[in-house]
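Asker: As input, take target00.cif (mmCIF, C-alpha atoms and all ligand atoms; chains and numbers go by the auth columns):
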data_structure
#
loop_
_atom_site.group_PDB
_atom_site.id
_atom_site.type_symbol
_atom_site.label_atom_id
_atom_site.label_comp_id
_atom_site.label_asym_id
_atom_site.label_seq_id
_atom_site.Cartn_x
_atom_site.Cartn_y
_atom_site.Cartn_z
_atom_site.B_iso_or_equiv
_atom_site.auth_seq_id
_atom_site.auth_asym_id
ATOM 1 C CA MET A 1 0.000 0.000 0.000 0.00 1 Y
ATOM 2 C CA SER A 2 1.366 3.456 -0.887 0.00 2 Y
ATOM 3 C CA VAL A 3 1.738 6.127 1.780 0.00 3 Y
ATOM 4 C CA ILE A 4 -1.138 8.016 0.148 0.00 4 Y
ATOM 5 C CA ASP A 5 -3.356 4.944 0.422 0.00 5 Y
ATOM 6 C CA GLU A 6 -2.347 4.634 4.083 0.00 6 Y
ATOM 7 C CA GLY A 7 -3.405 8.257 4.526 0.00 7 Y
ATOM 8 C CA LEU A 8 -6.764 7.583 2.904 0.00 8 Y
ATOM 9 C CA ARG A 9 -7.327 4.697 5.267 0.00 9 Y
ATOM 10 C CA ALA A 10 -6.431 6.900 8.244 0.00 10 Y
ATOM 11 C CA ASN A 11 -8.856 9.523 6.944 0.00 11 Y
ATOM 12 C CA GLN A 12 -11.755 7.083 7.082 0.00 12 Y
ATOM 13 C CA GLU A 13 -11.143 6.734 10.817 0.00 13 Y
ATOM 14 C CA TYR A 14 -10.676 10.508 11.181 0.00 14 Y
ATOM 15 C CA ALA A 15 -13.975 11.255 9.469 0.00 15 Y
ATOM 16 C CA LYS A 16 -15.814 8.720 11.641 0.00 16 Y
ATOM 17 C CA ALA A 17 -14.888 10.663 14.789 0.00 17 Y
ATOM 18 C CA PHE A 18 -15.024 14.133 13.185 0.00 18 Y
ATOM 19 C CA GLN A 19 -16.651 16.861 15.285 0.00 19 Y
ATOM 20 C CA LEU A 20 -15.251 20.085 13.802 0.00 20 Y
ATOM 21 C CA GLY A 21 -17.758 20.645 11.014 0.00 21 Y
ATOM 22 C CA HIS A 22 -19.193 23.674 12.801 0.00 22 Y
ATOM 23 C CA LEU A 23 -16.032 25.807 12.688 0.00 23 Y
ATOM 24 C CA PRO A 24 -16.310 29.224 10.979 0.00 24 Y
ATOM 25 C CA MET A 25 -13.930 30.209 8.169 0.00 25 Y
ATOM 26 C CA PRO A 26 -12.063 33.097 9.932 0.00 26 Y
ATOM 27 C CA PRO A 27 -9.256 31.866 12.225 0.00 27 Y
ATOM 28 C CA GLY A 28 -10.439 31.977 15.836 0.00 28 Y
ATOM 29 C CA ARG A 29 -7.160 33.321 17.247 0.00 29 Y
ATOM 30 C CA LYS A 30 -6.784 35.886 14.422 0.00 30 Y
ATOM 31 C CA LEU A 31 -3.246 34.662 13.772 0.00 31 Y
ATOM 32 C CA ALA A 32 -1.381 34.003 10.501 0.00 32 Y
ATOM 33 C CA ILE A 33 1.949 32.170 10.349 0.00 33 Y
ATOM 34 C CA VAL A 34 4.524 31.723 7.608 0.00 34 Y
ATOM 35 C CA ALA A 35 6.583 28.650 8.504 0.00 35 Y
ATOM 36 C CA CYS A 36 9.079 26.269 6.933 0.00 36 Y
ATOM 37 C CA MET A 37 7.632 23.027 5.579 0.00 37 Y
ATOM 38 C CA ASP A 38 10.091 20.949 7.658 0.00 38 Y
ATOM 39 C CA ALA A 39 8.449 17.687 8.722 0.00 39 Y
ATOM 40 C CA ARG A 40 9.724 18.079 12.314 0.00 40 Y
ATOM 41 C CA LEU A 41 7.912 21.374 12.809 0.00 41 Y
ATOM 42 C CA THR A 42 4.288 20.731 13.737 0.00 42 Y
ATOM 43 C CA VAL A 43 3.214 24.339 14.051 0.00 43 Y
ATOM 44 C CA GLU A 44 -0.090 23.619 15.804 0.00 44 Y
ATOM 45 C CA GLN A 45 1.611 21.573 18.528 0.00 45 Y
ATOM 46 C CA VAL A 46 4.515 24.012 18.918 0.00 46 Y
ATOM 47 C CA LEU A 47 2.111 26.912 19.542 0.00 47 Y
ATOM 48 C CA GLY A 48 -0.756 25.115 21.251 0.00 48 Y
ATOM 49 C CA LEU A 49 -3.117 25.843 18.385 0.00 49 Y
ATOM 50 C CA LYS A 50 -6.244 23.934 17.516 0.00 50 Y
ATOM 51 C CA THR A 51 -8.038 23.401 14.225 0.00 51 Y
ATOM 52 C CA GLY A 52 -9.639 26.689 13.249 0.00 52 Y
ATOM 53 C CA ASP A 53 -7.263 28.874 15.278 0.00 53 Y
ATOM 54 C CA ALA A 54 -4.811 30.183 12.681 0.00 54 Y
ATOM 55 C CA HIS A 55 -3.734 30.339 9.046 0.00 55 Y
ATOM 56 C CA ILE A 56 -0.511 28.409 8.546 0.00 56 Y
ATOM 57 C CA ILE A 57 1.282 29.180 5.283 0.00 57 Y
ATOM 58 C CA ARG A 58 4.160 26.818 4.658 0.00 58 Y
ATOM 59 C CA ASN A 59 6.938 26.577 2.116 0.00 59 Y
ATOM 60 C CA ALA A 60 10.582 25.528 1.938 0.00 60 Y
ATOM 61 C CA GLY A 61 12.408 27.865 4.327 0.00 61 Y
ATOM 62 C CA GLY A 62 9.453 29.825 5.706 0.00 62 Y
ATOM 63 C CA ILE A 63 10.050 32.483 3.074 0.00 63 Y
ATOM 64 C CA ALA A 64 7.827 35.540 2.546 0.00 64 Y
ATOM 65 C CA THR A 65 7.516 34.828 -1.164 0.00 65 Y
ATOM 66 C CA ASP A 66 5.019 36.642 -3.375 0.00 66 Y
ATOM 67 C CA ASP A 67 2.646 33.790 -2.794 0.00 67 Y
ATOM 68 C CA ALA A 68 3.073 33.826 1.005 0.00 68 Y
ATOM 69 C CA ILE A 69 2.417 37.573 0.997 0.00 69 Y
ATOM 70 C CA ARG A 70 -0.623 37.005 -1.228 0.00 70 Y
ATOM 71 C CA SER A 71 -1.945 34.618 1.426 0.00 71 Y
ATOM 72 C CA LEU A 72 -1.178 37.041 4.287 0.00 72 Y
ATOM 73 C CA ILE A 73 -3.058 39.832 2.515 0.00 73 Y
ATOM 74 C CA ILE A 74 -6.103 37.599 1.993 0.00 74 Y
ATOM 75 C CA SER A 75 -5.751 36.330 5.570 0.00 75 Y
ATOM 76 C CA HIS A 76 -5.870 39.855 6.995 0.00 76 Y
ATOM 77 C CA TYR A 77 -8.323 41.668 4.735 0.00 77 Y
ATOM 78 C CA LEU A 78 -10.792 38.892 4.041 0.00 78 Y
ATOM 79 C CA LEU A 79 -10.494 36.687 7.106 0.00 79 Y
ATOM 80 C CA GLY A 80 -9.535 39.095 9.860 0.00 80 Y
ATOM 81 C CA THR A 81 -6.131 37.953 11.124 0.00 81 Y
ATOM 82 C CA GLN A 82 -4.375 40.641 13.201 0.00 82 Y
ATOM 83 C CA GLU A 83 -0.926 39.213 14.060 0.00 83 Y
ATOM 84 C CA PHE A 84 1.702 37.609 11.817 0.00 84 Y
ATOM 85 C CA MET A 85 4.493 35.188 12.757 0.00 85 Y
ATOM 86 C CA ILE A 86 7.460 34.001 10.687 0.00 86 Y
ATOM 87 C CA ILE A 87 8.898 30.662 11.829 0.00 87 Y
ATOM 88 C CA ASN A 88 12.242 29.264 10.645 0.00 88 Y
ATOM 89 C CA HIS A 89 14.094 26.490 12.459 0.00 89 Y
ATOM 90 C CA THR A 90 17.506 25.044 13.248 0.00 90 Y
ATOM 91 C CA ASP A 91 18.989 22.414 10.915 0.00 91 Y
ATOM 92 C CA CYS A 92 16.943 23.735 7.971 0.00 92 Y
ATOM 93 C CA GLY A 93 17.460 22.053 4.611 0.00 93 Y
ATOM 94 C CA MET A 94 17.756 25.506 3.042 0.00 94 Y
ATOM 95 C CA LEU A 95 21.200 25.798 4.674 0.00 95 Y
ATOM 96 C CA THR A 96 22.471 22.762 2.777 0.00 96 Y
ATOM 97 C CA PHE A 97 22.594 24.064 -0.800 0.00 97 Y
ATOM 98 C CA LYS A 98 23.117 27.147 -2.932 0.00 98 Y
ATOM 99 C CA ASP A 99 20.544 28.360 -5.455 0.00 99 Y
ATOM 100 C CA ASP A 100 23.034 28.453 -8.330 0.00 100 Y
ATOM 101 C CA GLU A 101 24.345 24.965 -7.639 0.00 101 Y
ATOM 102 C CA LEU A 102 20.879 23.425 -7.452 0.00 102 Y
ATOM 103 C CA LYS A 103 19.829 25.199 -10.631 0.00 103 Y
ATOM 104 C CA ALA A 104 22.929 23.986 -12.477 0.00 104 Y
ATOM 105 C CA GLN A 105 22.389 20.455 -11.192 0.00 105 Y
ATOM 106 C CA LEU A 106 18.754 20.422 -12.336 0.00 106 Y
ATOM 107 C CA GLN A 107 19.618 21.840 -15.722 0.00 107 Y
ATOM 108 C CA GLN A 108 22.253 19.181 -16.157 0.00 108 Y
ATOM 109 C CA SER A 109 20.141 16.226 -15.033 0.00 109 Y
ATOM 110 C CA THR A 110 17.008 17.229 -16.957 0.00 110 Y
ATOM 111 C CA HIS A 111 18.854 18.705 -19.960 0.00 111 Y
ATOM 112 C CA THR A 112 16.512 21.660 -19.896 0.00 112 Y
ATOM 113 C CA THR A 113 16.127 25.101 -18.369 0.00 113 Y
ATOM 114 C CA ALA A 114 13.115 26.571 -16.587 0.00 114 Y
ATOM 115 C CA SER A 115 12.212 30.185 -15.835 0.00 115 Y
ATOM 116 C CA GLU A 116 10.205 29.215 -12.745 0.00 116 Y
ATOM 117 C CA PRO A 117 11.034 29.070 -9.891 0.00 117 Y
ATOM 118 C CA ALA A 118 13.142 32.198 -10.350 0.00 118 Y
ATOM 119 C CA ALA A 119 14.773 31.520 -6.959 0.00 119 Y
ATOM 120 C CA PHE A 120 14.972 28.682 -4.447 0.00 120 Y
ATOM 121 C CA HIS A 121 15.701 31.119 -1.583 0.00 121 Y
ATOM 122 C CA SER A 122 18.468 29.080 0.044 0.00 122 Y
ATOM 123 C CA PHE A 123 20.255 30.906 2.875 0.00 123 Y
ATOM 124 C CA THR A 124 23.305 30.628 5.125 0.00 124 Y
ATOM 125 C CA ASP A 125 22.212 32.523 8.255 0.00 125 Y
ATOM 126 C CA ILE A 126 18.871 31.637 9.862 0.00 126 Y
ATOM 127 C CA GLU A 127 18.564 34.787 11.986 0.00 127 Y
ATOM 128 C CA LYS A 128 19.362 37.009 9.041 0.00 128 Y
ATOM 129 C CA ASN A 129 16.850 35.118 6.925 0.00 129 Y
ATOM 130 C CA VAL A 130 14.112 35.597 9.532 0.00 130 Y
ATOM 131 C CA ARG A 131 14.887 39.327 9.729 0.00 131 Y
ATOM 132 C CA GLU A 132 14.682 39.605 5.946 0.00 132 Y
ATOM 133 C CA GLN A 133 11.283 37.905 5.854 0.00 133 Y
ATOM 134 C CA ILE A 134 9.933 40.183 8.606 0.00 134 Y
ATOM 135 C CA GLN A 135 11.200 43.167 6.655 0.00 135 Y
ATOM 136 C CA LYS A 136 9.657 41.919 3.428 0.00 136 Y
ATOM 137 C CA VAL A 137 6.237 41.518 5.061 0.00 137 Y
ATOM 138 C CA LYS A 138 6.381 44.761 7.043 0.00 138 Y
ATOM 139 C CA SER A 139 7.460 46.834 4.059 0.00 139 Y
ATOM 140 C CA HIS A 140 4.702 45.611 1.764 0.00 140 Y
ATOM 141 C CA PRO A 141 2.398 48.541 0.959 0.00 141 Y
ATOM 142 C CA TRP A 142 -0.745 46.457 1.465 0.00 142 Y
ATOM 143 C CA ILE A 143 0.224 45.118 4.896 0.00 143 Y
ATOM 144 C CA PRO A 144 -1.036 47.650 7.469 0.00 144 Y
ATOM 145 C CA GLY A 145 1.721 49.084 9.688 0.00 145 Y
ATOM 146 C CA GLY A 146 -0.226 48.258 12.849 0.00 146 Y
ATOM 147 C CA ILE A 147 0.057 44.504 12.391 0.00 147 Y
ATOM 148 C CA PRO A 148 2.731 42.931 14.609 0.00 148 Y
ATOM 149 C CA VAL A 149 5.121 40.829 12.481 0.00 149 Y
ATOM 150 C CA ARG A 150 7.386 38.783 14.736 0.00 150 Y
ATOM 151 C CA GLY A 151 9.993 36.216 13.755 0.00 151 Y
ATOM 152 C CA PHE A 152 11.167 33.044 15.476 0.00 152 Y
ATOM 153 C CA ILE A 153 13.605 30.156 15.183 0.00 153 Y
ATOM 154 C CA TYR A 154 12.271 26.804 16.307 0.00 154 Y
ATOM 155 C CA ASP A 155 14.920 24.533 17.805 0.00 155 Y
ATOM 156 C CA VAL A 156 14.302 21.043 16.408 0.00 156 Y
ATOM 157 C CA ARG A 157 16.384 19.494 19.233 0.00 157 Y
ATOM 158 C CA SER A 158 14.730 21.189 22.231 0.00 158 Y
ATOM 159 C CA GLY A 159 11.285 22.074 20.876 0.00 159 Y
ATOM 160 C CA LYS A 160 11.796 25.678 21.973 0.00 160 Y
ATOM 161 C CA LEU A 161 10.790 28.681 19.947 0.00 161 Y
ATOM 162 C CA ASN A 162 13.285 31.559 20.193 0.00 162 Y
ATOM 163 C CA GLU A 163 12.338 35.031 19.056 0.00 163 Y
ATOM 164 C CA VAL A 164 14.584 36.893 16.619 0.00 164 Y
ATOM 165 C CA ILE A 165 14.782 40.427 17.938 0.00 165 Y
HETATM 166 ZN ZN ZN B . 13.368 24.276 7.001 0.00 201 X
#
Show the structure stored in the file as structure tokens.
Ligand SMILES: [Zn+2]

Answerer:
Amino acid sequence: MSVIDEGLRANQEYAKAFQLGHLPMPPGRKLAIVACMDARLTVEQVLGLKTGDAHIIRNAGGIATDDAIRSLIISHYLLGTQEFMIINHTDCGMLTFKDDELKAQLQQSTHTTASEPAAFHSFTDIEKNVREQIQKVKSHPWIPGGIPVRGFIYDVRSGKLNEVI
């Protein structure tokens, strides 16, 4: 059985016991998070969130890409979130390669070029990366200045979330 089929089987059990069908669309805690997709970072558990509490936007690196910012704008204006968090983490895969090298490797192995993605957003300094994402979100003309945008590094060894000040 494939992992997807295993997931479908697990979903049958999930749906049998499901009791969250009453939840409204806007996040109950009015929180939106941009976090890395790392499999060790279970954002809901790390922050004590429940289904319906927050928008969690995930990608490789927890990067404030155009698409993450698109989601934050929709999250705030259409669904009422009032605080934004950026979450990166220790031992991130984005520290293990360079954009140019990966691009060259892909071009070589596929024998073709591609215009998208324009960047993979690899980085060498987690704190600096978090600061850059905060800055990117805060400086966007459609993100209201009054929204707190705070950044954090999750420690995959200790489970602790440390704020980047
Ligand atoms: Zn990561």

Asker: Set the distance at 10 Å and use only C-alpha atoms: which residues neighbour segment 68-71 of chain Y once local chain neighbours fewer than 3 positions away are removed? I'd like the list as a PyMOL selection string.

Answerer: chain Y and resi 32-35+55-59+62-65+74-76+136-137+140+142-143

Asker: Just so the selection is clear, what residues does the PyMOL selection byres (((chain Y and resi 94-101) around 10) and not hetatm) cover here, as a ChimeraX atom specification?

Answerer: /Y:36,60-62,90-93,102-107,118-126

Asker: Near Leu31 of chain Y, within 9 Å and counting all atoms listed in the file, which residues show up once chain neighbours fewer than 3 positions away are dropped, as a VMD selection string?

Answerer: chain Y and resid 27 to 28 53 to 56 75 to 76 80 to 85

Asker: Expressed in Å to a single decimal, how great is the separation between atom CA of Gly145 of chain Y and atom CA of Ile165 of chain Y?

Answerer: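 We find that atom CA of Gly145 of chain Y and atom CA of Ile165 of chain Y lie 17.7 Å from each other.
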
Asker: Which polymer residues, whether protein, DNA or RNA, lie within 10 Å of the coordinate (7.7, 22.4, 13.5) when you count all atoms listed in the file? List them as a list in words, using the chain letters and numbers from the file.

Answerer: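 The requested residues, written out, are Ala35, Cys36, Met37, Asp38, Ala39, Arg40, Leu41, Thr42, Val43, Glu44, Gln45, Val46, Leu47, Ile87, Asn88, His89, Ile153, Tyr154, Asp155, Val156, Gly159, Lys160 and Leu161 of chain Y.
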
Asker: What is the distance, in Å and to one decimal place, between atom CA of Lys50 of chain Y and atom CA of Asn162 of chain Y?

Answerer: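 So the two atoms, atom CA of Lys50 of chain Y and atom CA of Asn162 of chain Y, lie 21.1 Å apart.
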
Asker: Which protein, DNA or RNA residues have an atom at most 6 Å from (-14.9, 27.2, 16.0), counting all atoms listed in the file? List them as a PDB file with C-alpha atoms, keeping the file's coordinate frame.

Answerer:
ATOM      1  CA  LEU Y  23     -16.032  25.807  12.688  1.00  0.00           C
ATOM      2  CA  PRO Y  24     -16.310  29.224  10.979  1.00  0.00           C
ATOM      3  CA  GLY Y  52      -9.639  26.689  13.249  1.00  0.00           C
TER       4      GLY Y  52
END

Asker: Atom CA of Lys30 of chain Y and atom CA of Leu72 of chain Y are how many Å apart?

Answerer: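 Atom CA of Leu72 of chain Y lies at a distance of 11.6 Å from atom CA of Lys30 of chain Y.
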
Asker: Skip Gly151 of chain Y itself and residues of its chain fewer than 5 positions away, then list as a list in words all residues within 7 Å of it, counting only C-alpha atoms.

Answerer: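 Listed by chain and then number, they are Met85, Ile86, Ile87, Val130, Ile134, Glu163 and Val164 of chain Y.
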
Asker: As a compact mmCIF listing (two decimals), in the frame of the given file, please: segment 57-75 of chain Y completed to N, CA, C and O atoms.

Answerer:
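File part-v8.txt, as written:
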# COMPACT_ATOMS: atom_id res chain seq x y z
N ILE Y 57 0.81 29.15 6.67
CA ILE Y 57 1.28 29.18 5.28
C ILE Y 57 2.67 28.58 5.29
O ILE Y 57 3.56 29.10 5.99
N ARG Y 58 2.88 27.50 4.57
CA ARG Y 58 4.16 26.82 4.66
C ARG Y 58 4.83 26.69 3.30
O ARG Y 58 4.17 26.47 2.29
N ASN Y 59 6.15 26.84 3.31
CA ASN Y 59 6.94 26.58 2.12
C ASN Y 59 8.36 26.23 2.56
O ASN Y 59 8.67 26.28 3.75
N ALA Y 60 9.21 25.88 1.60
CA ALA Y 60 10.58 25.53 1.94
C ALA Y 60 11.29 26.77 2.46
O ALA Y 60 11.44 27.76 1.74
N GLY Y 61 11.66 26.76 3.74
CA GLY Y 61 12.41 27.86 4.33
C GLY Y 61 11.57 28.85 5.14
O GLY Y 61 12.13 29.65 5.87
N GLY Y 62 10.26 28.81 5.02
CA GLY Y 62 9.45 29.82 5.71
C GLY Y 62 9.76 31.19 5.13
O GLY Y 62 10.08 32.14 5.84
N ILE Y 63 9.67 31.28 3.81
CA ILE Y 63 10.05 32.48 3.07
C ILE Y 63 8.81 33.31 2.74
O ILE Y 63 7.78 32.77 2.33
N ALA Y 64 8.93 34.64 2.91
CA ALA Y 64 7.83 35.54 2.55
C ALA Y 64 7.87 35.78 1.03
O ALA Y 64 8.21 36.87 0.56
N THR Y 65 7.56 34.73 0.30
CA THR Y 65 7.52 34.83 -1.16
C THR Y 65 6.29 35.64 -1.58
O THR Y 65 5.41 35.93 -0.75
N ASP Y 66 6.21 35.97 -2.85
CA ASP Y 66 5.02 36.64 -3.38
C ASP Y 66 3.76 35.89 -2.97
O ASP Y 66 2.76 36.48 -2.58
N ASP Y 67 3.83 34.58 -3.07
CA ASP Y 67 2.65 33.79 -2.79
C ASP Y 67 2.31 33.77 -1.30
O ASP Y 67 1.13 33.77 -0.92
N ALA Y 68 3.33 33.76 -0.43
CA ALA Y 68 3.07 33.83 1.00
C ALA Y 68 2.46 35.18 1.35
O ALA Y 68 1.52 35.26 2.15
N ILE Y 69 2.96 36.23 0.74
CA ILE Y 69 2.42 37.57 1.00
C ILE Y 69 0.98 37.68 0.46
O ILE Y 69 0.11 38.25 1.10
N ARG Y 70 0.75 37.08 -0.70
CA ARG Y 70 -0.62 37.01 -1.23
C ARG Y 70 -1.56 36.38 -0.17
O ARG Y 70 -2.64 36.91 0.12
N SER Y 71 -1.11 35.29 0.43
CA SER Y 71 -1.94 34.62 1.43
C SER Y 71 -2.13 35.48 2.67
O SER Y 71 -3.22 35.52 3.25
N LEU Y 72 -1.07 36.17 3.11
CA LEU Y 72 -1.18 37.04 4.29
C LEU Y 72 -2.18 38.17 4.04
O LEU Y 72 -2.95 38.54 4.93
N ILE Y 73 -2.15 38.73 2.84
CA ILE Y 73 -3.06 39.83 2.52
C ILE Y 73 -4.51 39.34 2.55
O ILE Y 73 -5.38 39.98 3.14
N ILE Y 74 -4.75 38.18 1.96
CA ILE Y 74 -6.10 37.60 1.99
C ILE Y 74 -6.48 37.26 3.43
O ILE Y 74 -7.60 37.53 3.88
N SER Y 75 -5.52 36.71 4.18
CA SER Y 75 -5.75 36.33 5.57
C SER Y 75 -6.20 37.53 6.40
O SER Y 75 -7.15 37.44 7.20
